[in-house]
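Q: Structure file protein29.txt (compact mmCIF, C-alpha atoms and all ligand atoms) is given on the next line.
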```txt
# COMPACT_ATOMS: atom_id res chain seq x y z
CA MET A 15 33.78 1.12 -18.72
CA SER A 16 32.43 -2.26 -17.63
CA LYS A 17 34.54 -4.10 -15.01
CA THR A 18 34.30 -7.23 -12.93
CA LEU A 19 35.14 -6.73 -9.28
CA LEU A 20 36.01 -9.55 -6.90
CA VAL A 21 34.89 -8.52 -3.41
CA THR A 22 36.37 -10.92 -0.88
CA GLY A 23 34.62 -10.91 2.51
CA GLY A 24 31.58 -9.39 0.77
CA ALA A 25 29.09 -11.12 3.11
CA GLY A 26 30.46 -9.22 6.12
CA PHE A 27 29.72 -5.73 7.42
CA ILE A 28 31.86 -3.39 5.32
CA GLY A 29 32.20 -5.70 2.30
CA SER A 30 28.42 -5.96 1.89
CA ASN A 31 28.04 -2.19 2.16
CA TYR A 32 30.77 -1.78 -0.44
CA CYS A 33 28.83 -4.10 -2.78
CA ARG A 34 25.78 -1.84 -2.31
CA TYR A 35 27.94 1.21 -2.99
CA VAL A 36 29.37 -0.24 -6.22
CA LEU A 37 26.03 -1.52 -7.52
CA GLN A 38 24.63 1.97 -7.08
CA HIS A 39 27.59 4.07 -8.28
CA HIS A 40 28.95 1.91 -11.11
CA PRO A 41 25.92 0.67 -13.06
CA ASP A 42 28.16 -1.14 -15.58
CA TYR A 43 30.18 -3.16 -13.01
CA ARG A 44 29.62 -6.81 -12.08
CA ILE A 45 30.50 -8.07 -8.61
CA VAL A 46 31.73 -11.49 -7.64
CA VAL A 47 31.71 -12.15 -3.88
CA LEU A 48 34.02 -14.75 -2.35
CA ASP A 49 33.28 -15.32 1.33
CA ALA A 50 33.99 -18.19 3.71
CA LEU A 51 30.81 -17.44 5.70
CA THR A 52 32.59 -17.60 9.03
CA TYR A 53 30.60 -16.66 12.14
CA ALA A 54 30.82 -13.02 10.90
CA GLY A 55 29.60 -13.65 7.35
CA ASN A 56 25.95 -14.27 6.66
CA LEU A 57 23.98 -14.66 3.45
CA SER A 58 21.22 -12.66 5.13
CA THR A 59 23.65 -9.70 5.01
CA ILE A 60 23.53 -9.65 1.19
CA ALA A 61 20.02 -11.08 0.74
CA ASP A 62 18.66 -7.66 -0.33
CA ILE A 63 21.10 -7.22 -3.24
CA GLN A 64 21.03 -10.92 -4.16
CA SER A 65 17.27 -10.92 -4.54
CA SER A 66 16.56 -7.46 -5.93
CA PRO A 67 15.62 -7.56 -9.65
CA GLU A 68 17.78 -4.44 -10.19
CA THR A 69 21.00 -5.96 -8.85
CA ALA A 70 20.69 -9.78 -8.76
CA SER A 71 22.04 -10.31 -12.28
CA ARG A 72 25.15 -8.22 -11.47
CA LEU A 73 26.11 -10.13 -8.32
CA ARG A 74 27.43 -13.67 -8.02
CA PHE A 75 28.32 -15.40 -4.76
CA TYR A 76 30.99 -18.08 -4.24
CA PRO A 77 31.55 -19.73 -0.85
CA GLY A 78 35.23 -20.25 -0.07
CA LYS A 79 38.37 -19.10 1.68
CA ILE A 80 40.86 -16.58 0.36
CA GLN A 81 43.65 -18.94 1.50
CA ASP A 82 42.41 -21.52 -1.03
CA GLU A 83 44.49 -20.79 -4.12
CA THR A 84 42.52 -23.20 -6.32
CA VAL A 85 39.29 -21.39 -5.54
CA VAL A 86 40.84 -17.91 -5.89
CA ASN A 87 42.56 -18.67 -9.21
CA GLY A 88 39.48 -20.49 -10.52
CA ILE A 89 37.23 -17.50 -9.85
CA ILE A 90 39.67 -15.00 -11.36
CA GLU A 91 39.87 -17.08 -14.57
CA ALA A 92 36.21 -18.01 -14.86
CA GLU A 93 34.89 -14.53 -14.08
CA ARG A 94 37.68 -12.56 -15.83
CA VAL A 95 38.25 -10.44 -12.75
CA ASP A 96 39.62 -6.91 -13.33
CA TYR A 97 39.91 -5.67 -9.72
CA ILE A 98 40.00 -7.25 -6.27
CA VAL A 99 38.99 -5.47 -3.06
CA ASN A 100 39.90 -7.60 -0.05
CA PHE A 101 37.69 -7.23 3.02
CA ALA A 102 38.03 -10.87 4.10
CA ALA A 103 39.55 -10.99 7.58
CA GLU A 104 39.19 -12.11 11.11
CA SER A 105 38.29 -8.67 12.40
CA HIS A 106 37.57 -8.63 16.14
CA ASN A 107 40.24 -7.65 18.67
CA ASP A 108 38.59 -9.47 21.55
CA ARG A 109 38.43 -12.75 19.62
CA SER A 110 42.07 -12.29 18.62
CA ILE A 111 42.98 -12.28 22.30
CA LEU A 112 41.18 -15.61 22.79
CA GLU A 113 42.32 -17.32 19.55
CA PRO A 114 45.02 -15.53 17.52
CA GLY A 115 45.90 -18.39 15.12
CA SER A 116 43.04 -17.98 12.63
CA PHE A 117 43.98 -14.29 12.28
CA ILE A 118 47.37 -15.22 10.84
CA GLN A 119 45.79 -17.71 8.44
CA THR A 120 43.30 -15.24 6.95
CA ASP A 121 44.77 -11.78 7.50
CA VAL A 122 48.36 -12.64 6.50
CA TYR A 123 48.45 -15.86 4.47
CA GLY A 124 45.14 -15.14 2.75
CA VAL A 125 46.43 -11.76 1.55
CA PHE A 126 49.54 -13.48 0.17
CA VAL A 127 47.38 -15.94 -1.81
CA LEU A 128 45.35 -13.10 -3.33
CA LEU A 129 48.47 -11.10 -4.25
CA ASP A 130 50.08 -14.16 -5.81
CA ALA A 131 46.97 -14.72 -7.92
CA VAL A 132 46.86 -11.03 -8.92
CA ARG A 133 50.42 -11.24 -10.22
CA LYS A 134 50.09 -14.57 -11.99
CA ARG A 135 46.63 -14.02 -13.52
CA GLY A 136 47.09 -10.41 -14.64
CA VAL A 137 44.47 -8.78 -12.40
CA ALA A 138 44.74 -5.01 -12.98
CA ARG A 139 44.49 -3.85 -9.34
CA MET A 140 44.02 -5.17 -5.83
CA LEU A 141 43.08 -3.01 -2.86
CA GLN A 142 43.85 -4.39 0.60
CA VAL A 143 41.43 -2.97 3.18
CA SER A 144 43.47 -2.31 6.29
CA THR A 145 42.98 -0.39 9.51
CA ASP A 146 44.34 2.54 11.51
CA GLU A 147 45.11 -0.03 14.23
CA VAL A 148 48.33 -0.95 12.41
CA TYR A 149 49.76 2.31 13.79
CA GLY A 150 49.11 1.32 17.40
CA THR A 151 48.03 4.07 19.75
CA ILE A 152 48.65 7.85 19.70
CA ASN A 153 48.28 10.23 22.65
CA GLU A 154 48.38 13.48 20.69
CA GLY A 155 48.18 14.49 17.05
CA GLN A 156 47.13 12.18 14.24
CA PHE A 157 48.39 9.13 12.36
CA THR A 158 49.69 10.00 8.91
CA GLU A 159 50.74 7.44 6.32
CA GLN A 160 54.34 8.07 7.47
CA SER A 161 53.67 7.13 11.09
CA PRO A 162 55.48 3.98 12.23
CA LEU A 163 53.48 0.75 12.23
CA GLU A 164 53.34 -0.41 15.87
CA PRO A 165 50.44 -2.85 16.26
CA ASN A 166 49.57 -3.94 19.80
CA THR A 167 47.00 -6.74 19.46
CA PRO A 168 47.06 -10.08 17.62
CA TYR A 169 44.40 -8.63 15.28
CA SER A 170 46.29 -5.45 14.43
CA ALA A 171 49.55 -7.38 14.09
CA SER A 172 47.92 -9.76 11.61
CA LYS A 173 46.55 -6.83 9.59
CA THR A 174 50.04 -5.30 9.56
CA GLY A 175 51.38 -8.62 8.28
CA GLY A 176 48.88 -8.51 5.41
CA GLU A 177 49.93 -4.98 4.53
CA MET A 178 53.59 -5.93 4.56
CA GLN A 179 52.81 -8.63 1.99
CA VAL A 180 51.28 -5.95 -0.23
CA ARG A 181 54.31 -3.71 0.17
CA ALA A 182 56.85 -6.46 -0.43
CA GLN A 183 55.06 -7.96 -3.43
CA HIS A 184 54.67 -4.54 -5.00
CA ILE A 185 58.36 -3.75 -4.53
CA THR A 186 59.63 -7.22 -5.49
CA TYR A 187 57.35 -8.11 -8.40
CA GLY A 188 55.53 -4.89 -9.25
CA THR A 189 52.24 -6.50 -8.17
CA PRO A 190 49.57 -3.83 -8.76
CA ALA A 191 48.23 -3.42 -5.25
CA LEU A 192 47.54 -0.67 -2.75
CA VAL A 193 46.27 -0.24 0.81
CA THR A 194 43.69 1.78 2.73
CA ARG A 195 43.77 2.34 6.52
CA CYS A 196 40.50 3.38 8.09
CA GLY A 197 39.22 4.15 11.58
CA ASN A 198 36.33 2.46 13.41
CA ASN A 199 33.26 1.96 11.23
CA TYR A 200 29.60 1.95 12.21
CA GLY A 201 26.40 1.47 10.22
CA PRO A 202 23.95 -1.19 9.03
CA TYR A 203 24.82 -4.91 9.10
CA GLN A 204 27.70 -4.66 11.60
CA TYR A 205 28.06 -7.94 13.46
CA PRO A 206 26.78 -7.42 17.02
CA GLU A 207 30.07 -8.08 18.79
CA LYS A 208 31.62 -4.67 18.05
CA LEU A 209 30.95 -1.79 20.46
CA ILE A 210 28.06 0.02 18.75
CA PRO A 211 25.87 -2.90 17.58
CA PHE A 212 26.71 -4.96 20.70
CA PHE A 213 25.53 -2.14 22.94
CA VAL A 214 22.49 -1.19 20.83
CA THR A 215 21.18 -4.74 20.65
CA ARG A 216 21.66 -5.31 24.39
CA LEU A 217 20.14 -1.96 25.36
CA MET A 218 17.08 -2.69 23.26
CA ASP A 219 16.49 -5.70 25.51
CA ASN A 220 17.28 -3.67 28.69
CA ARG A 221 20.47 -5.66 29.27
CA LYS A 222 23.60 -4.14 30.80
CA VAL A 223 26.44 -3.07 28.51
CA PRO A 224 30.05 -3.87 29.52
CA LEU A 225 32.17 -0.72 29.29
CA TYR A 226 35.86 -1.56 29.53
CA GLY A 227 37.67 0.31 32.32
CA GLU A 228 36.82 4.01 32.56
CA GLY A 229 35.53 4.15 28.98
CA ASN A 230 37.98 6.96 28.21
CA GLN A 231 39.59 5.34 25.16
CA VAL A 232 39.14 7.34 21.97
CA ARG A 233 38.12 5.84 18.63
CA ASP A 234 37.96 7.77 15.34
CA TRP A 235 34.49 6.82 14.05
CA ILE A 236 33.43 6.90 10.40
CA TYR A 237 30.12 6.02 8.79
CA VAL A 238 30.53 2.86 6.74
CA MET A 239 29.39 4.45 3.45
CA ASP A 240 32.09 7.13 3.79
CA HIS A 241 34.62 4.34 4.21
CA CYS A 242 33.19 2.63 1.10
CA SER A 243 33.39 5.80 -1.00
CA GLY A 244 36.99 6.26 0.19
CA ILE A 245 37.92 2.71 -0.81
CA ASP A 246 36.31 3.20 -4.19
CA HIS A 247 38.19 6.45 -4.71
CA VAL A 248 41.52 4.83 -3.86
CA LEU A 249 40.77 1.81 -6.07
CA HIS A 250 40.21 4.06 -9.07
CA HIS A 251 42.59 6.97 -8.40
CA GLY A 252 45.23 5.78 -5.92
CA VAL A 253 48.88 5.28 -6.82
CA LEU A 254 49.89 1.61 -6.84
CA GLY A 255 52.13 0.61 -3.94
CA GLU A 256 50.83 3.46 -1.76
CA ALA A 257 48.77 3.44 1.44
CA TYR A 258 45.93 5.92 2.10
CA ASN A 259 44.31 6.79 5.43
CA ILE A 260 40.51 7.12 5.48
CA GLY A 261 38.94 9.14 8.28
CA SER A 262 36.29 11.77 8.93
CA GLN A 263 37.36 13.54 12.16
CA GLY A 264 35.02 11.40 14.27
CA GLU A 265 36.91 11.13 17.56
CA ARG A 266 34.73 10.18 20.54
CA THR A 267 35.47 8.44 23.83
CA ASN A 268 33.72 5.14 24.47
CA ILE A 269 31.70 6.68 27.30
CA GLU A 270 30.55 9.49 24.97
CA VAL A 271 29.40 6.92 22.41
CA THR A 272 27.65 4.88 25.10
CA GLU A 273 25.81 7.93 26.43
CA LEU A 274 24.67 8.88 22.92
CA LEU A 275 23.32 5.35 22.44
CA LEU A 276 21.44 5.46 25.76
CA ASN A 277 20.02 8.81 24.70
CA CYS A 278 18.91 7.59 21.25
CA LEU A 279 17.12 4.62 22.79
CA GLY A 280 15.76 6.45 25.85
CA LYS A 281 17.51 4.08 28.30
CA PRO A 282 18.92 4.85 31.79
CA ALA A 283 22.64 5.18 32.64
CA SER A 284 22.16 2.36 35.18
CA LEU A 285 22.45 -0.04 32.21
CA ILE A 286 26.17 0.75 31.92
CA LYS A 287 28.32 -1.81 33.72
CA ARG A 288 32.00 -0.84 34.02
CA ILE A 289 34.11 -3.97 33.93
CA PRO A 290 37.86 -4.56 34.41
CA ASP A 291 39.47 -3.98 31.03
CA PRO A 292 39.69 -7.42 29.35
CA ARG A 293 42.27 -6.11 26.85
CA GLY A 294 44.66 -5.01 29.60
CA GLY A 295 47.85 -3.46 28.22
CA ALA A 296 46.80 -4.31 24.64
CA HIS A 297 43.94 -1.79 24.80
CA ASP A 298 44.97 1.07 22.53
CA ARG A 299 44.10 4.38 24.21
CA ARG A 300 43.49 6.58 21.21
CA TYR A 301 43.22 6.38 17.42
CA SER A 302 43.13 9.49 15.25
CA VAL A 303 43.40 9.45 11.47
CA ASN A 304 44.76 12.18 9.21
CA ALA A 305 43.16 11.71 5.79
CA ASP A 306 44.77 14.70 4.00
CA LYS A 307 46.50 12.49 1.45
CA LEU A 308 43.15 11.11 0.29
CA THR A 309 41.30 14.43 0.39
CA THR A 310 44.07 15.87 -1.79
CA LEU A 311 43.20 13.08 -4.24
CA GLY A 312 39.64 14.46 -4.39
CA TRP A 313 37.70 12.43 -1.78
CA GLN A 314 35.45 13.91 0.94
CA PRO A 315 33.37 12.18 3.62
CA LYS A 316 29.67 13.16 3.53
CA HIS A 317 28.31 12.20 6.94
CA THR A 318 28.48 13.44 10.53
CA PHE A 319 28.70 11.19 13.59
CA GLU A 320 25.66 12.17 15.68
CA GLU A 321 23.33 12.17 12.66
CA MET A 322 24.43 8.78 11.32
CA LEU A 323 24.65 7.19 14.76
CA GLU A 324 20.97 7.98 15.24
CA GLU A 325 20.17 6.55 11.81
CA THR A 326 22.23 3.44 12.61
CA VAL A 327 20.37 2.89 15.89
CA ARG A 328 17.11 3.21 13.95
CA TRP A 329 18.37 0.59 11.48
CA TYR A 330 18.93 -1.92 14.29
CA VAL A 331 15.49 -1.15 15.71
CA ASP A 332 13.96 -1.74 12.27
CA HIS A 333 15.99 -4.86 11.38
CA GLN A 334 15.59 -7.07 14.39
CA ASP A 335 15.09 -10.19 12.23
CA TRP A 336 18.65 -9.75 10.92
CA TRP A 337 20.45 -9.45 14.27
CA ARG A 338 18.18 -11.64 16.42
CA GLU A 339 18.89 -14.59 14.11
CA ILE A 340 22.63 -13.98 14.68
CA VAL A 341 22.56 -13.52 18.45
CA ARG A 342 20.53 -16.73 18.83
CA LYS A 343 23.30 -18.78 17.17
CA PRO A 344 25.43 -21.03 19.42
CA ASP A 345 28.76 -19.51 18.27
CA TYR A 346 27.60 -16.02 19.26
CA GLN A 347 26.30 -17.19 22.62
CA ASP A 348 29.48 -19.17 23.19
CA PHE A 349 31.75 -16.16 22.51
CA VAL A 350 29.73 -13.81 24.73
CA HIS A 351 29.75 -16.33 27.58
CA ARG A 352 33.46 -17.05 27.25
CA PHE A 353 34.52 -13.43 26.96
CA TYR A 354 32.06 -11.66 29.30
CA GLY A 355 30.86 -14.47 31.57
CA LYS A 356 33.10 -13.65 34.52
CA SER A 357 32.78 -9.87 34.38
CA LEU A 358 29.05 -9.60 33.62
CA GLY A 359 28.07 -12.45 35.92
CA GLU A 360 24.34 -12.46 36.51
CA ASP A 361 23.97 -9.47 34.13
CA LEU A 362 25.12 -11.59 31.19
P1 LIG U 1 33.49 -8.64 9.36
O1 LIG U 1 34.09 -9.53 10.39
O2 LIG U 1 32.10 -8.10 9.55
O3 LIG U 1 33.48 -9.41 7.95
C1 LIG U 1 34.53 -10.21 7.51
C2 LIG U 1 34.00 -11.07 6.37
O4 LIG U 1 35.11 -11.85 5.88
C3 LIG U 1 32.92 -12.06 6.79
O5 LIG U 1 31.90 -12.09 5.83
C4 LIG U 1 33.64 -13.40 6.84
O6 LIG U 1 32.80 -14.52 6.57
C5 LIG U 1 34.69 -13.21 5.76
N1 LIG U 1 35.87 -14.05 5.95
C6 LIG U 1 36.56 -14.26 7.10
N2 LIG U 1 37.59 -15.09 6.87
C7 LIG U 1 37.57 -15.39 5.55
C8 LIG U 1 38.38 -16.17 4.71
N3 LIG U 1 39.43 -16.84 5.19
N4 LIG U 1 38.08 -16.25 3.39
C9 LIG U 1 37.00 -15.59 2.90
N5 LIG U 1 36.19 -14.85 3.65
C10 LIG U 1 36.46 -14.75 4.96
O7 LIG U 1 34.53 -7.48 9.16
P2 LIG U 1 34.31 -5.96 8.75
O8 LIG U 1 34.11 -5.15 9.97
O9 LIG U 1 33.35 -5.89 7.63
O10 LIG U 1 35.77 -5.60 8.20
C11 LIG U 1 36.11 -5.81 6.84
C12 LIG U 1 37.55 -5.43 6.62
O11 LIG U 1 37.75 -4.07 6.98
C13 LIG U 1 38.54 -6.23 7.47
O12 LIG U 1 39.65 -6.52 6.67
C14 LIG U 1 38.89 -5.31 8.61
O13 LIG U 1 40.20 -5.56 9.07
C15 LIG U 1 38.82 -3.96 7.90
N6 LIG U 1 38.48 -2.82 8.76
C16 LIG U 1 37.40 -2.87 9.60
C17 LIG U 1 37.08 -1.76 10.38
C18 LIG U 1 35.86 -1.77 11.28
O14 LIG U 1 35.65 -0.81 12.04
N7 LIG U 1 35.01 -2.79 11.26
C19 LIG U 1 37.87 -0.61 10.31
C20 LIG U 1 38.97 -0.59 9.44
C21 LIG U 1 39.27 -1.70 8.67
P1 LIG U 2 35.49 -2.48 19.09
O1 LIG U 2 34.16 -2.11 18.52
O2 LIG U 2 35.72 -3.91 19.46
O3 LIG U 2 36.57 -1.97 18.03
P2 LIG U 2 38.19 -1.82 18.16
O4 LIG U 2 38.68 -2.78 19.15
O5 LIG U 2 38.60 -2.19 16.76
O6 LIG U 2 38.44 -0.39 18.46
O7 LIG U 2 35.76 -1.60 20.38
C1 LIG U 2 35.68 -0.18 20.33
C2 LIG U 2 36.05 0.36 21.70
O8 LIG U 2 35.02 -0.02 22.62
C3 LIG U 2 37.33 -0.22 22.27
O9 LIG U 2 38.03 0.82 22.96
C4 LIG U 2 36.87 -1.28 23.25
C5 LIG U 2 35.53 -0.75 23.72
N1 LIG U 2 34.52 -1.80 24.05
C6 LIG U 2 33.91 -1.79 25.32
O10 LIG U 2 34.16 -0.93 26.18
N2 LIG U 2 33.00 -2.78 25.60
C7 LIG U 2 32.67 -3.75 24.69
O11 LIG U 2 31.86 -4.64 25.01
C8 LIG U 2 33.30 -3.71 23.39
C9 LIG U 2 32.97 -4.75 22.36
C10 LIG U 2 34.22 -2.71 23.12
```
As structure tokens - that is how I would like this structure written.

A:
Amino acid sequence: MSKTLLVTGGAGFIGSNYCRYVLQHHPDYRIVVLDALTYAGNLSTIADIQSSPETASRLRFYPGKIQDETVVNGIIEAERVDYIVNFAAESHNDRSILEPGSFIQTDVYGVFVLLDAVRKRGVARMLQVSTDEVYGTINEGQFTEQSPLEPNTPYSASKTGGEMQVRAQHITYGTPALVTRCGNNYGPYQYPEKLIPFFVTRLMDNRKVPLYGEGNQVRDWIYVMDHCSGIDHVLHHGVLGEAYNIGSQGERTNIEVTELLLNCLGKPASLIKRIPDPRGGAHDRRYSVNADKLTTLGWQPKHTFEEMLEETVRWYVDHQDWWREIVRKPDYQDFVHRFYGKSLGEDL
């Protein structure tokens, strides 16, 4: 049945891939994107689906912030929105260490504004895209949905705050909302500040890559389209008020990932520069996601890490116009200098 989906943060990495997923898998759905186009959001990230004759008429873009209730309510009314999937967030741990305030504005208050609009305007469902980082770190075993929420960084604490708004509004008002918690994503259109695209884009230019500490932290990697299919499954089949983990058994240490990237690009290990860990005690040692609750609901991931990592590297090699335009921008240069200047020194 035809639906109108509001995808907030749809000009970012995962949101844009979710738009592609929906346009392909739900031919009768329309998508409305609301995105503030922060440093991480770019119209070039959705240019393909905005300009393609097959999809352009099913996609409409609005610039704006999710904290702006006039904009949010206006769009829901004008577009007769059925579902909201909220990707909009400040999403980078390292930036949250430098400037935590904007994380509270978007990741907590913004979620409240969306939930308030859902309740008052009769939107049928809202899915809040959250992260495994709300659980904190785990030395052994896996995070289940029952694990305590123990966030350790300003970013993960702000995401936990957003989730708590979902929980409380569902319990208090019956607001029809639910949550997904996913591990680390990789794939096309990821902003080149996160580990994989940061390292790939630097290695392509024979520049050193800053590995924090020993590089022995473990992340549970998932290909972005598996995350998108998981979100879509929860949106349509999940129980309101519940949270669902999304993961695909993709645990790798940072050094393992770095070595695979060097291998894919045919670059020497001398390009790795180990630097003192800039996250200090806030650097979570290991994430590991148990997704049994979602697989019991009928979802399965389709991709394996090594195969899709290679394909992702190839995507960055083939789409240099996209990322070179971003890394040339003053805000990107400014962040890299502020965050890595001291530790990378002349290798910056
Ligand atoms: P991203 O930083 O690439 O994109 C975020 C998008 O949100 C950008 O387009 C940005 O312009 C937009 N945005 C930021 N603030 C906004 C605001 N106030 N109003 C409207 N739009 C705003 O992030 P991403 O990696 O695509 O992550 C998307 C979501 O998924 C986030 O909520 C993040 O917490 C969550 N998540 C990410 C990962 C990951 O590995 N990247 C893993 C699990 C969960
Ligand atoms: P990141 O991609 O920032 O995601 P998250 O903080 O959400 O896990 O980082 C992934 C891992 O890679 C994390 O353990 C920190 C590490 N890392 C580096 O070693 N060097 C880097 O330059 C970056 C960006 C990350």

Q: If I wrap all listed atoms of stretch 268-275 of chain A in a box with edges along x, y and z and add 4 Å on each side, what are its centre and edge lengths in Å to one decimal, as JSON?

A:
```
{"center_x": 28.5, "center_y": 7.2, "center_z": 24.9, "size_x": 18.4, "size_y": 12.6, "size_z": 12.9}
```

Q: Tell me which protein, DNA and RNA residues are within 10 Å of A:Cys33, counting all atoms listed in the file, leaving out same-chain ones fewer than 2 positions away, and put them as a PyMOL selection string.

A: chain A and resi 19-21+24-25+28-31+35-39+44-47+60+63+73+242

Q: Which one is closest to A:Val86: A:Asn268, A:Ser71, A:Leu48, A:Pro114? Count only C-alpha atoms.

A: A:Leu48

Q: Could you make a table, as a tab-separated table, of the residues of chain A that have an atom within 8 Å of an atom of ligand LIG 1 (chain U), each with its nearest atom pair and distance in Å to one decimal, counting only C-alpha atoms and all ligand atoms, in chain and number order?

A:
```
residue	atom	partner	partner_atom	distance
A:Thr22	CA	U:LIG1	N5	6.0
A:Gly23	CA	U:LIG1	O4	3.5
A:Gly24	CA	U:LIG1	O5	5.7
A:Ala25	CA	U:LIG1	O5	4.0
A:Gly26	CA	U:LIG1	O5	3.2
A:Phe27	CA	U:LIG1	O9	3.6
A:Ile28	CA	U:LIG1	O9	3.7
A:Gly29	CA	U:LIG1	O9	5.5
A:Ser30	CA	U:LIG1	O9	7.6
A:Leu48	CA	U:LIG1	C9	6.1
A:Asp49	CA	U:LIG1	N5	3.8
A:Ala50	CA	U:LIG1	N5	4.0
A:Leu51	CA	U:LIG1	O6	3.6
A:Thr52	CA	U:LIG1	O6	3.9
A:Tyr53	CA	U:LIG1	O6	6.4
A:Ala54	CA	U:LIG1	C3	4.7
A:Gly55	CA	U:LIG1	O5	3.2
A:Asn56	CA	U:LIG1	O5	6.4
A:Pro77	CA	U:LIG1	C9	7.8
A:Gly78	CA	U:LIG1	C9	5.8
A:Lys79	CA	U:LIG1	N4	3.3
A:Ile80	CA	U:LIG1	N4	4.1
A:Gln81	CA	U:LIG1	N3	6.0
A:Asn100	CA	U:LIG1	O12	6.8
A:Phe101	CA	U:LIG1	C12	4.0
A:Ala102	CA	U:LIG1	O4	3.6
A:Ala103	CA	U:LIG1	C6	4.5
A:Glu104	CA	U:LIG1	C6	5.3
A:Ser105	CA	U:LIG1	O1	4.7
A:His106	CA	U:LIG1	O1	6.8
A:Gln119	CA	U:LIG1	N3	7.2
A:Thr120	CA	U:LIG1	N3	4.5
A:Asp121	CA	U:LIG1	O12	7.4
A:Gly124	CA	U:LIG1	N3	6.4
A:Gln142	CA	U:LIG1	O12	7.7
A:Val143	CA	U:LIG1	O12	5.3
A:Ser144	CA	U:LIG1	C21	4.9
A:Thr145	CA	U:LIG1	C20	4.0
A:Asp146	CA	U:LIG1	C20	6.6
A:Glu147	CA	U:LIG1	C20	7.8
A:Lys173	CA	U:LIG1	O13	6.5
A:Arg195	CA	U:LIG1	C20	6.3
A:Cys196	CA	U:LIG1	C20	4.5
A:Gly197	CA	U:LIG1	C19	5.1
A:Asn198	CA	U:LIG1	O14	3.6
A:Asn199	CA	U:LIG1	O14	3.7
A:Tyr200	CA	U:LIG1	O14	6.7
A:Tyr203	CA	U:LIG1	O2	8.0
A:Gln204	CA	U:LIG1	O2	5.9
A:Tyr205	CA	U:LIG1	O2	5.6
A:Lys208	CA	U:LIG1	N7	7.8
A:Trp235	CA	U:LIG1	O14	8.0
```

Q: Using all atoms listed in the file for the distances, tell me which of A:Arg139, A:Arg72, A:His251, A:Lys287 is nearest to ligand LIG 2 (chain U).

A: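 Smallest distance to ligand LIG 2 (chain U) is found for A:Lys287.
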
Q: Grab the atom CA of A:Val132 to atom CA of A:His184 distance for me, in Å with one decimal place.

A: 10.9 Å

Q: Kindly provide the residues of chain A that approach ligand LIG 2 (chain U) to within 7 Å, each paired with its closest atom pair and their distance in Å to one decimal, based on all atoms listed in the file, listed by chain and increasing number, as a tab-separated table.

A:
```
residue	atom	partner	partner_atom	distance
A:His106	CA	U:LIG2	O2	6.1
A:Asn107	CA	U:LIG2	O4	5.1
A:Asp108	CA	U:LIG2	O2	6.6
A:Asn198	CA	U:LIG2	O5	6.2
A:Glu207	CA	U:LIG2	C9	5.7
A:Lys208	CA	U:LIG2	O1	3.6
A:Leu209	CA	U:LIG2	O1	3.8
A:Ile210	CA	U:LIG2	O1	6.5
A:Phe212	CA	U:LIG2	C9	6.5
A:Val223	CA	U:LIG2	O11	6.6
A:Pro224	CA	U:LIG2	O11	4.9
A:Leu225	CA	U:LIG2	O10	3.7
A:Tyr226	CA	U:LIG2	O10	3.8
A:Gly229	CA	U:LIG2	O10	6.0
A:Gln231	CA	U:LIG2	O9	5.3
A:Val232	CA	U:LIG2	O9	6.7
A:Arg233	CA	U:LIG2	O6	6.2
A:Asn268	CA	U:LIG2	O8	5.6
A:His297	CA	U:LIG2	O9	6.7
A:Asp298	CA	U:LIG2	O9	7.0
```

Q: How would the residues just picked look written out with C-alpha atoms as a tab-separated table (two decimals), keeping the file's coordinate frame?

A:
```tsv
chain	number	residue	atom	x	y	z
A	106	HIS	CA	37.57	-8.63	16.14
A	107	ASN	CA	40.24	-7.65	18.67
A	108	ASP	CA	38.59	-9.47	21.55
A	198	ASN	CA	36.33	2.46	13.41
A	207	GLU	CA	30.07	-8.08	18.79
A	208	LYS	CA	31.62	-4.67	18.05
A	209	LEU	CA	30.95	-1.79	20.46
A	210	ILE	CA	28.06	0.02	18.75
A	212	PHE	CA	26.71	-4.96	20.70
A	223	VAL	CA	26.44	-3.07	28.51
A	224	PRO	CA	30.05	-3.87	29.52
A	225	LEU	CA	32.17	-0.72	29.29
A	226	TYR	CA	35.86	-1.56	29.53
A	229	GLY	CA	35.53	4.15	28.98
A	231	GLN	CA	39.59	5.34	25.16
A	232	VAL	CA	39.14	7.34	21.97
A	233	ARG	CA	38.12	5.84	18.63
A	268	ASN	CA	33.72	5.14	24.47
A	297	HIS	CA	43.94	-1.79	24.80
A	298	ASP	CA	44.97	1.07	22.53
```

Q: Please return as a list in words every residue within 12 Å of (56.1, -9.2, -6.3), taking into account all atoms listed in the file and the file's own coordinates.

A: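 Protein and nucleic acid residues near the point are Phe126, Val127, Leu128, Leu129, Asp130, Ala131, Val132, Arg133, Lys134, Met178, Gln179, Val180, Arg181, Ala182, Gln183, His184, Ile185, Thr186, Tyr187, Gly188, Thr189, Pro190, Ala191 and Gly255 of chain A.
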
Q: Determine the nearest neighbour of A:Thr18 from the options A:Ala61, A:Ser66, A:Asp348, A:Tyr97, counting all atoms listed in the file.

A: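 For A:Thr18, the nearest of the candidates is A:Tyr97.
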